[in-house]
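As stored in run.txt (compact mmCIF, C-alpha atoms):
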```txt
# COMPACT_ATOMS: atom_id res chain seq x y z
CA MET E 14 0.00 0.00 0.00
CA LEU E 15 1.34 3.40 -1.01
CA THR E 16 -0.27 6.43 0.69
CA LEU E 17 0.19 9.99 -0.58
CA VAL E 18 -0.09 12.77 2.00
CA THR E 19 -0.53 16.40 1.00
CA GLY E 20 0.10 19.26 3.41
CA ALA E 21 2.86 17.21 5.00
CA THR E 22 4.86 20.20 6.25
CA GLY E 23 1.93 21.87 8.02
CA GLN E 24 1.17 21.27 11.68
CA VAL E 25 -1.29 18.44 11.04
CA GLY E 26 1.00 16.87 8.47
CA ARG E 27 3.96 17.04 10.84
CA GLY E 28 1.90 15.12 13.35
CA LEU E 29 0.55 12.57 10.89
CA VAL E 30 3.42 11.65 8.56
CA PRO E 31 5.96 10.44 11.18
CA ARG E 32 3.27 8.29 12.78
CA LEU E 33 2.29 6.75 9.45
CA LEU E 34 5.94 5.97 8.78
CA ALA E 35 6.45 4.52 12.25
CA GLN E 36 3.43 2.22 11.86
CA ALA E 37 4.11 1.21 8.26
CA GLY E 38 4.47 -2.49 7.60
CA PRO E 39 7.06 -3.95 5.23
CA ASP E 40 4.66 -3.63 2.29
CA GLU E 41 3.49 -0.10 3.12
CA ARG E 42 5.01 3.15 1.85
CA VAL E 43 4.31 6.82 2.42
CA ARG E 44 4.81 9.57 -0.16
CA VAL E 45 4.56 13.29 0.63
CA LEU E 46 3.78 16.10 -1.79
CA VAL E 47 5.72 19.26 -0.91
CA ARG E 48 6.56 22.51 -2.62
CA ASP E 49 10.02 22.70 -1.04
CA GLU E 50 12.02 19.47 -1.08
CA LYS E 51 14.33 20.72 1.69
CA ARG E 52 11.39 20.93 4.12
CA ALA E 53 10.73 17.22 3.57
CA ALA E 54 14.29 16.11 4.28
CA ALA E 55 13.36 14.78 7.72
CA TYR E 56 10.61 12.65 6.18
CA ALA E 57 13.00 11.28 3.58
CA ASP E 58 15.36 10.32 6.39
CA LEU E 59 12.48 8.41 7.99
CA GLY E 60 11.82 6.54 4.75
CA ALA E 61 9.17 8.63 2.98
CA GLU E 62 9.12 9.15 -0.76
CA VAL E 63 9.14 12.84 -1.69
CA ALA E 64 7.19 14.30 -4.62
CA VAL E 65 7.88 17.97 -5.32
CA GLY E 66 5.12 20.19 -6.65
CA ASP E 67 2.27 22.53 -5.90
CA LEU E 68 -1.18 21.17 -5.09
CA ARG E 69 -2.55 23.62 -7.67
CA ASP E 70 -0.34 22.23 -10.45
CA THR E 71 -2.31 19.57 -12.35
CA ASP E 72 0.84 18.04 -13.84
CA ALA E 73 2.42 17.72 -10.40
CA LEU E 74 -0.69 16.00 -9.08
CA GLY E 75 -0.53 13.36 -11.77
CA GLY E 76 3.01 12.44 -10.81
CA ALA E 77 2.27 12.53 -7.10
CA VAL E 78 -0.66 10.09 -7.26
CA ALA E 79 0.96 7.71 -9.74
CA GLY E 80 1.00 4.24 -8.22
CA ALA E 81 -0.73 5.36 -5.02
CA ASP E 82 -3.39 3.26 -3.35
CA ALA E 83 -4.62 5.97 -0.97
CA VAL E 84 -4.53 9.75 -0.57
CA VAL E 85 -4.81 11.77 2.63
CA ASN E 86 -5.50 15.37 1.66
CA VAL E 87 -4.31 17.44 4.62
CA ALA E 88 -3.35 20.56 2.66
CA ALA E 89 -5.35 23.69 3.46
CA ALA E 90 -5.26 27.45 3.16
CA PHE E 91 -6.24 28.56 6.63
CA ARG E 92 -7.25 31.78 8.36
CA GLY E 93 -5.86 35.07 7.15
CA VAL E 94 -5.55 34.17 3.45
CA PRO E 95 -7.55 35.93 0.72
CA GLU E 96 -10.84 34.29 -0.21
CA GLU E 97 -9.52 33.48 -3.69
CA GLU E 98 -6.63 31.50 -2.23
CA ALA E 99 -8.87 29.65 0.21
CA LEU E 100 -11.14 28.58 -2.62
CA ALA E 101 -8.24 27.71 -4.90
CA VAL E 102 -6.57 25.42 -2.36
CA ASN E 103 -9.38 24.08 -0.19
CA ARG E 104 -11.95 23.50 -2.93
CA ASP E 105 -10.48 23.64 -6.42
CA ALA E 106 -7.14 21.93 -5.73
CA ALA E 107 -8.83 19.29 -3.58
CA LEU E 108 -11.15 18.40 -6.43
CA GLU E 109 -8.29 18.37 -8.94
CA LEU E 110 -6.47 16.01 -6.60
CA GLY E 111 -9.57 13.83 -6.51
CA ARG E 112 -9.75 13.76 -10.32
CA ALA E 113 -6.06 12.88 -10.52
CA ALA E 114 -6.62 10.11 -7.98
CA VAL E 115 -9.49 8.67 -10.02
CA ALA E 116 -7.38 8.76 -13.20
CA ALA E 117 -4.50 7.00 -11.41
CA GLY E 118 -6.71 4.26 -10.00
CA VAL E 119 -6.36 5.33 -6.35
CA ARG E 120 -8.79 3.35 -4.21
CA ARG E 121 -9.14 5.39 -1.02
CA PHE E 122 -9.33 9.16 -0.44
CA VAL E 123 -9.33 10.76 3.03
CA GLN E 124 -10.43 14.39 2.90
CA VAL E 125 -9.39 16.44 5.93
CA SER E 126 -11.97 19.09 6.72
CA THR E 127 -13.04 21.25 9.65
CA GLY E 128 -15.84 21.31 12.21
CA LEU E 129 -16.39 24.92 11.21
CA VAL E 130 -18.35 23.67 8.20
CA TYR E 131 -21.36 23.22 10.51
CA GLY E 132 -21.68 26.97 10.94
CA SER E 133 -24.33 28.11 13.39
CA GLY E 134 -25.38 25.99 16.35
CA ARG E 135 -28.21 23.45 16.60
CA ALA E 136 -29.02 23.65 20.36
CA ARG E 137 -26.95 20.44 20.72
CA PRO E 138 -23.49 19.19 19.70
CA HIS E 139 -22.94 19.05 15.95
CA VAL E 140 -23.28 15.58 14.41
CA GLU E 141 -21.93 14.44 11.09
CA ASP E 142 -25.29 14.36 9.30
CA ASP E 143 -25.94 18.06 10.01
CA ASP E 144 -25.98 20.39 7.00
CA SER E 145 -23.88 23.55 6.87
CA VAL E 146 -25.72 26.59 8.19
CA PRO E 147 -23.57 29.63 7.31
CA GLY E 148 -22.98 31.88 10.28
CA GLY E 149 -21.10 32.21 13.53
CA ASP E 150 -18.00 34.10 14.59
CA LEU E 151 -15.57 31.90 12.61
CA TRP E 152 -17.56 31.43 9.41
CA GLY E 153 -15.77 32.56 6.25
CA ALA E 154 -13.92 31.39 3.17
CA TYR E 155 -12.11 28.57 4.97
CA PRO E 156 -15.16 26.58 6.16
CA ARG E 157 -17.17 27.53 3.08
CA SER E 158 -14.49 26.18 0.72
CA LYS E 159 -14.00 23.05 2.82
CA ALA E 160 -17.74 22.38 2.82
CA ALA E 161 -17.84 22.73 -0.97
CA ALA E 162 -14.98 20.27 -1.41
CA GLU E 163 -16.62 17.75 0.92
CA HIS E 164 -19.93 17.97 -0.89
CA ALA E 165 -18.41 17.45 -4.33
CA LEU E 166 -16.15 14.58 -3.30
CA LEU E 167 -19.01 12.76 -1.62
CA SER E 168 -21.76 13.40 -4.17
CA ASP E 169 -20.30 14.14 -7.62
CA ALA E 170 -20.41 11.12 -9.93
CA ALA E 171 -16.90 11.98 -11.16
CA PHE E 172 -15.55 10.78 -7.82
CA ALA E 173 -17.68 7.65 -7.56
CA PRO E 174 -14.69 5.32 -8.16
CA LEU E 175 -13.06 6.65 -4.99
CA ASP E 176 -13.69 5.33 -1.50
CA VAL E 177 -14.02 8.79 0.09
CA ARG E 178 -14.11 9.35 3.84
CA VAL E 179 -14.01 12.76 5.59
CA GLY E 180 -12.47 13.81 8.90
CA ARG E 181 -13.79 17.07 10.39
CA LEU E 182 -11.29 18.47 12.83
CA ALA E 183 -11.96 20.59 15.88
CA PHE E 184 -9.56 23.48 16.63
CA VAL E 185 -6.10 21.88 16.39
CA TYR E 186 -3.44 22.58 19.01
CA GLY E 187 -0.41 20.95 20.62
CA ASP E 188 3.23 20.06 20.02
CA GLY E 189 4.15 23.71 19.54
CA ASP E 190 1.26 24.66 17.25
CA PRO E 191 0.97 28.47 17.63
CA HIS E 192 -2.76 28.61 16.91
CA LEU E 193 -3.78 28.16 20.54
CA ALA E 194 -1.68 31.12 21.70
CA ARG E 195 -2.94 33.22 18.79
CA SER E 196 -6.54 32.39 19.62
CA VAL E 197 -6.59 34.83 22.54
CA GLY E 198 -6.86 37.63 19.98
CA TRP E 199 -10.31 36.63 18.76
CA LEU E 200 -11.36 34.99 22.03
CA ALA E 201 -11.10 38.38 23.74
CA ASP E 202 -14.48 39.31 22.25
CA TRP E 203 -16.19 36.09 23.35
CA PRO E 204 -18.12 35.51 26.59
CA ALA E 205 -15.91 33.90 29.25
CA ALA E 206 -18.24 30.90 29.37
CA LYS E 207 -18.25 30.33 25.58
CA ARG E 208 -17.35 26.68 24.86
CA PHE E 209 -15.80 25.07 21.80
CA HIS E 210 -13.96 21.86 20.98
CA LEU E 211 -10.22 21.40 20.57
CA VAL E 212 -8.20 18.43 19.38
CA HIS E 213 -4.51 17.70 19.98
CA VAL E 214 -2.42 17.22 16.85
CA ALA E 215 -1.46 13.73 18.05
CA ASP E 216 -5.14 12.82 18.23
CA VAL E 217 -5.71 14.26 14.76
CA ALA E 218 -3.05 11.83 13.54
CA LEU E 219 -4.70 9.00 15.46
CA GLY E 220 -8.15 9.80 14.07
CA LEU E 221 -6.97 10.20 10.48
CA THR E 222 -5.06 6.93 10.69
CA ARG E 223 -8.28 5.22 11.79
CA LEU E 224 -10.09 6.76 8.81
CA LEU E 225 -7.33 5.70 6.43
CA TYR E 226 -7.26 2.04 7.41
CA ALA E 227 -10.87 1.35 8.46
CA PRO E 228 -12.74 -1.00 6.11
CA GLY E 229 -16.31 -0.45 5.02
CA VAL E 230 -16.72 3.26 5.80
CA THR E 231 -17.04 4.61 2.27
CA GLY E 232 -18.80 7.96 2.24
CA ARG E 233 -18.70 8.34 6.02
CA VAL E 234 -17.90 11.60 7.80
CA TYR E 235 -16.27 11.65 11.25
CA ASN E 236 -15.77 14.41 13.79
CA ILE E 237 -12.33 14.29 15.42
CA ALA E 238 -12.19 16.18 18.71
CA ASP E 239 -11.25 16.04 22.39
CA ASP E 240 -13.62 14.52 24.92
CA THR E 241 -14.46 17.84 26.54
CA ALA E 242 -15.18 21.27 25.08
CA VAL E 243 -13.36 24.14 26.80
CA THR E 244 -14.35 27.73 27.52
CA ALA E 245 -12.68 30.96 26.53
CA LEU E 246 -11.86 31.36 30.22
CA ASP E 247 -10.18 27.95 30.25
CA ILE E 248 -7.96 28.88 27.31
CA HIS E 249 -6.86 32.11 28.92
CA GLY E 250 -6.17 30.33 32.18
CA ILE E 251 -4.06 27.61 30.55
CA LEU E 252 -2.03 30.23 28.71
CA GLY E 253 -1.72 32.45 31.78
CA VAL E 254 -3.38 35.37 30.02
CA GLY E 255 -5.87 37.61 31.80
CA LEU E 256 -9.40 37.95 30.46
CA HIS E 257 -11.19 41.29 30.37
CA GLU E 258 -13.74 41.70 33.15
CA GLU E 259 -16.53 42.46 30.68
CA ALA E 260 -16.09 38.97 29.21
CA HIS E 261 -17.63 37.56 32.39
CA THR E 262 -20.83 39.55 31.86
CA ARG E 263 -21.32 38.77 28.17
CA THR E 264 -24.01 36.27 27.20
CA ASP E 265 -23.59 33.62 24.52
CA PRO E 266 -26.28 33.77 21.81
CA ASP E 267 -25.22 30.40 20.34
CA PRO E 268 -23.86 28.18 23.17
CA TRP E 269 -23.48 25.08 20.96
CA TYR E 270 -21.43 26.78 18.26
CA GLY E 271 -18.13 24.90 17.88
CA VAL E 272 -19.22 21.93 20.02
CA MET E 273 -18.99 18.57 18.21
CA SER E 274 -20.18 15.05 18.98
CA THR E 275 -17.51 12.32 18.73
CA ASP E 276 -19.95 9.49 19.30
CA ARG E 277 -19.66 8.15 15.74
CA ILE E 278 -15.88 7.87 15.59
CA ARG E 279 -15.78 6.35 19.06
CA ARG E 280 -18.41 3.71 18.28
CA GLU E 281 -17.47 2.88 14.71
CA LEU E 282 -13.66 3.30 14.70
CA GLY E 283 -12.77 2.85 18.38
CA PHE E 284 -11.23 6.32 18.63
CA ARG E 285 -10.04 7.29 22.11
CA PRO E 286 -7.94 10.48 22.31
CA LEU E 287 -4.46 10.30 23.76
CA TYR E 288 -5.08 13.77 25.23
CA PRO E 289 -8.78 13.75 26.10
CA THR E 290 -8.66 17.27 27.56
CA LEU E 291 -6.56 20.40 27.27
CA TRP E 292 -5.47 19.90 30.87
CA THR E 293 -4.18 16.40 30.07
CA ALA E 294 -1.99 17.85 27.31
CA ARG E 295 -0.78 20.64 29.58
CA ASP E 296 0.15 18.24 32.37
CA ALA E 297 1.99 16.02 29.88
CA GLY E 298 3.99 18.98 28.55
CA ALA E 299 2.43 18.50 25.13
CA LEU E 300 1.12 21.99 24.45
```

I need this file expressed as structure tokens, please.
Amino acid sequence: MLTLVTGATGQVGRGLVPRLLAQAGPDERVRVLVRDEKRAAAYADLGAEVAVGDLRDTDALGGAVAGADAVVNVAAAFRGVPEEEALAVNRDAALELGRAAVAAGVRRFVQVSTGLVYGSGRARPHVEDDDSVPGGDLWGAYPRSKAAAEHALLSDAAFAPLDVRVGRLAFVYGDGDPHLARSVGWLADWPAAKRFHLVHVADVALGLTRLLYAPGVTGRVYNIADDTAVTALDIHGILGVGLHEEAHTRTDPDPWYGVMSTDRIRRELGFRPLYPTLWTARDAGAL
């Protein structure tokens, strides 16, 4: 089995690729698609094949998927990028990768997405069968483009030959990921009691590995998140950053926004996070 991983040099990729290599059997190989070969040197040292090219380059995609049995599409244009770039990478390039995979005879395709695709709350934790309802503090080009890619990969007849499965990630943190520390900027405007789900990068790798190898889950979507949602106050406390007094008096108009159910991945794939809470990761020195 040869697995191609895109986005290998991002935070999620850096958590996933070494674990795939460490678990690989004698007949299993891992290939990474990177724009800068030097940044993949550590993976090559661990035994990965390196394909050089941009996800938006159709010719590069053809070479990257050649001979592959599975693809894990981790690559993403995240917060702070122009809308055109978010759409080009998260939607258009993902679908081009899917077309290249079909043409190359790839059997399995794991699309990495985000829990932000749910949008506004439902008065309960988000479950995988919920539709996208645009809205909420973090709605924008990133979740919109990810939702579009998911929908096409799962429903467009052009991708029918692929065994597609989708992993929707909560807010990723851990192992030096700077996003948690940066979150205090936008959390400052939230109520202190506002809850949302996180997921440690090691548990993202664990969840995506389950999606990659699980049999019989074609077309299934899985939330990947910690066991316990945290509050804005919790985040500030863990980081040792003070929270404005007015945050304690704000009310939350959508208390289920950003809260995800992990019942499906626990029941169907046996997922149990290594760091079930933010405090577990802190105590283990894994922030």

List as a PyMOL selection string: which residues have an atom within 12 Å of (-3.9, 19.4, 31.3), counting only C-alpha atoms?
chain E and resi 187+213+241+243+247-248+250-252+287-300

Take the residues that were just selected and, keeping C-alpha atoms, output them as a JSON list (two decimals), keeping the file's coordinate frame.
```
[["chain", "number", "residue", "atom", "x", "y", "z"],
["E", 187, "GLY", "CA", -0.41, 20.95, 20.62],
["E", 213, "HIS", "CA", -4.51, 17.70, 19.98],
["E", 241, "THR", "CA", -14.46, 17.84, 26.54],
["E", 243, "VAL", "CA", -13.36, 24.14, 26.80],
["E", 247, "ASP", "CA", -10.18, 27.95, 30.25],
["E", 248, "ILE", "CA", -7.96, 28.88, 27.31],
["E", 250, "GLY", "CA", -6.17, 30.33, 32.18],
["E", 251, "ILE", "CA", -4.06, 27.61, 30.55],
["E", 252, "LEU", "CA", -2.03, 30.23, 28.71],
["E", 287, "LEU", "CA", -4.46, 10.30, 23.76],
["E", 288, "TYR", "CA", -5.08, 13.77, 25.23],
["E", 289, "PRO", "CA", -8.78, 13.75, 26.10],
["E", 290, "THR", "CA", -8.66, 17.27, 27.56],
["E", 291, "LEU", "CA", -6.56, 20.40, 27.27],
["E", 292, "TRP", "CA", -5.47, 19.90, 30.87],
["E", 293, "THR", "CA", -4.18, 16.40, 30.07],
["E", 294, "ALA", "CA", -1.99, 17.85, 27.31],
["E", 295, "ARG", "CA", -0.78, 20.64, 29.58],
["E", 296, "ASP", "CA", 0.15, 18.24, 32.37],
["E", 297, "ALA", "CA", 1.99, 16.02, 29.88],
["E", 298, "GLY", "CA", 3.99, 18.98, 28.55],
["E", 299, "ALA", "CA", 2.43, 18.50, 25.13],
["E", 300, "LEU", "CA", 1.12, 21.99, 24.45]]
```

Among listed residues E:Ser133, E:Thr71, E:Thr127, E:Gln36, nearest Phe184 in chain E (using all atoms listed in the file)
E:Thr127

For Glu109 in chain E, which residue among E:Val78, E:Val146, E:Leu33, E:Val197 is the nearest when counting all atoms listed in the file?
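The closest residue to Glu109 in chain E is E:Val78.
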
If I take CA of Glu50 in chain E and CA of Leu175 in chain E, how far is one from the other in Å, to one decimal?
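These two atoms are separated by 28.4 Å.
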
Measure the distance from CA of Leu193 in chain E to CA of Asn86 in chain E in Å and round it to one decimal.
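Those two atoms sit 22.9 Å apart.
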
Near range 176-181 of chain E, within 9 Å and counting all atoms listed in the file, which residues show up once chain neighbours fewer than 2 positions away are dropped, as an MDAnalysis selection string?
chainID E and resid 119:130 141 163 166:167 172:174 183 217 220:221 224:225 230:238

For Asp82 in chain E, the closest of E:Tyr226, E:Trp203, E:Tyr270, E:Tyr56 counting only C-alpha atoms is E:Tyr226

Can you pull out the residues contacting Leu17 in chain E? Cut-off 7 Å, using only C-alpha atoms, and skip same-chain residues under 4 positions away; I want them as a list in words.
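Final neighbour list, sorted by chain and number: Val43, Arg44, Val45, Val78, Ala81, Ala83, Val84 and Val85 of chain E.
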
What does the distance between CA of Leu200 in chain E and CA of Pro138 in chain E come to in Å, to one decimal place?
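One can read the CA of Leu200 in chain E to CA of Pro138 in chain E distance as 20.1 Å.
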
Output, as JSON, the centre and edge lengths in Å (one decimal) of the axis-aligned box that contains all listed atoms of range 192-197 of chain E with 5 Å of margin on each side.
```
{"center_x": -4.1, "center_y": 31.5, "center_z": 19.7, "size_x": 14.9, "size_y": 16.7, "size_z": 15.6}
```

E:Ala245, E:Ala21, E:Ala113, E:Ala53: which is nearest Asp72 in chain E, counting all atoms listed in the file?
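That would be E:Ala113, the residue with the smallest distance to Asp72 in chain E.
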
Among listed residues E:Phe284, E:Gly28, E:Gly271, E:Val102, nearest Trp152 in chain E (using only C-alpha atoms)
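Using only C-alpha atoms, the shortest distance to Trp152 in chain E belongs to E:Gly271.
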
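Each of E:Ala77, E:Asp188, E:Asp240, E:Trp269 was compared to Ala114 in chain E using only C-alpha atoms, and E:Ala77 turns out to be the nearest.
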
Residues at most 8 Å from Val140 in chain E, counting all atoms listed in the file, excluding those fewer than 3 positions away in the same chain, as a ChimeraX atom specification?
/E:143,236,273-275

Polymer residues at most 12 Å from (-18.8, 29.6, 25.4) by all atoms listed in the file, as a PyMOL selection string:
chain E and resi 134+150+200-210+242-248+260-261+263-272
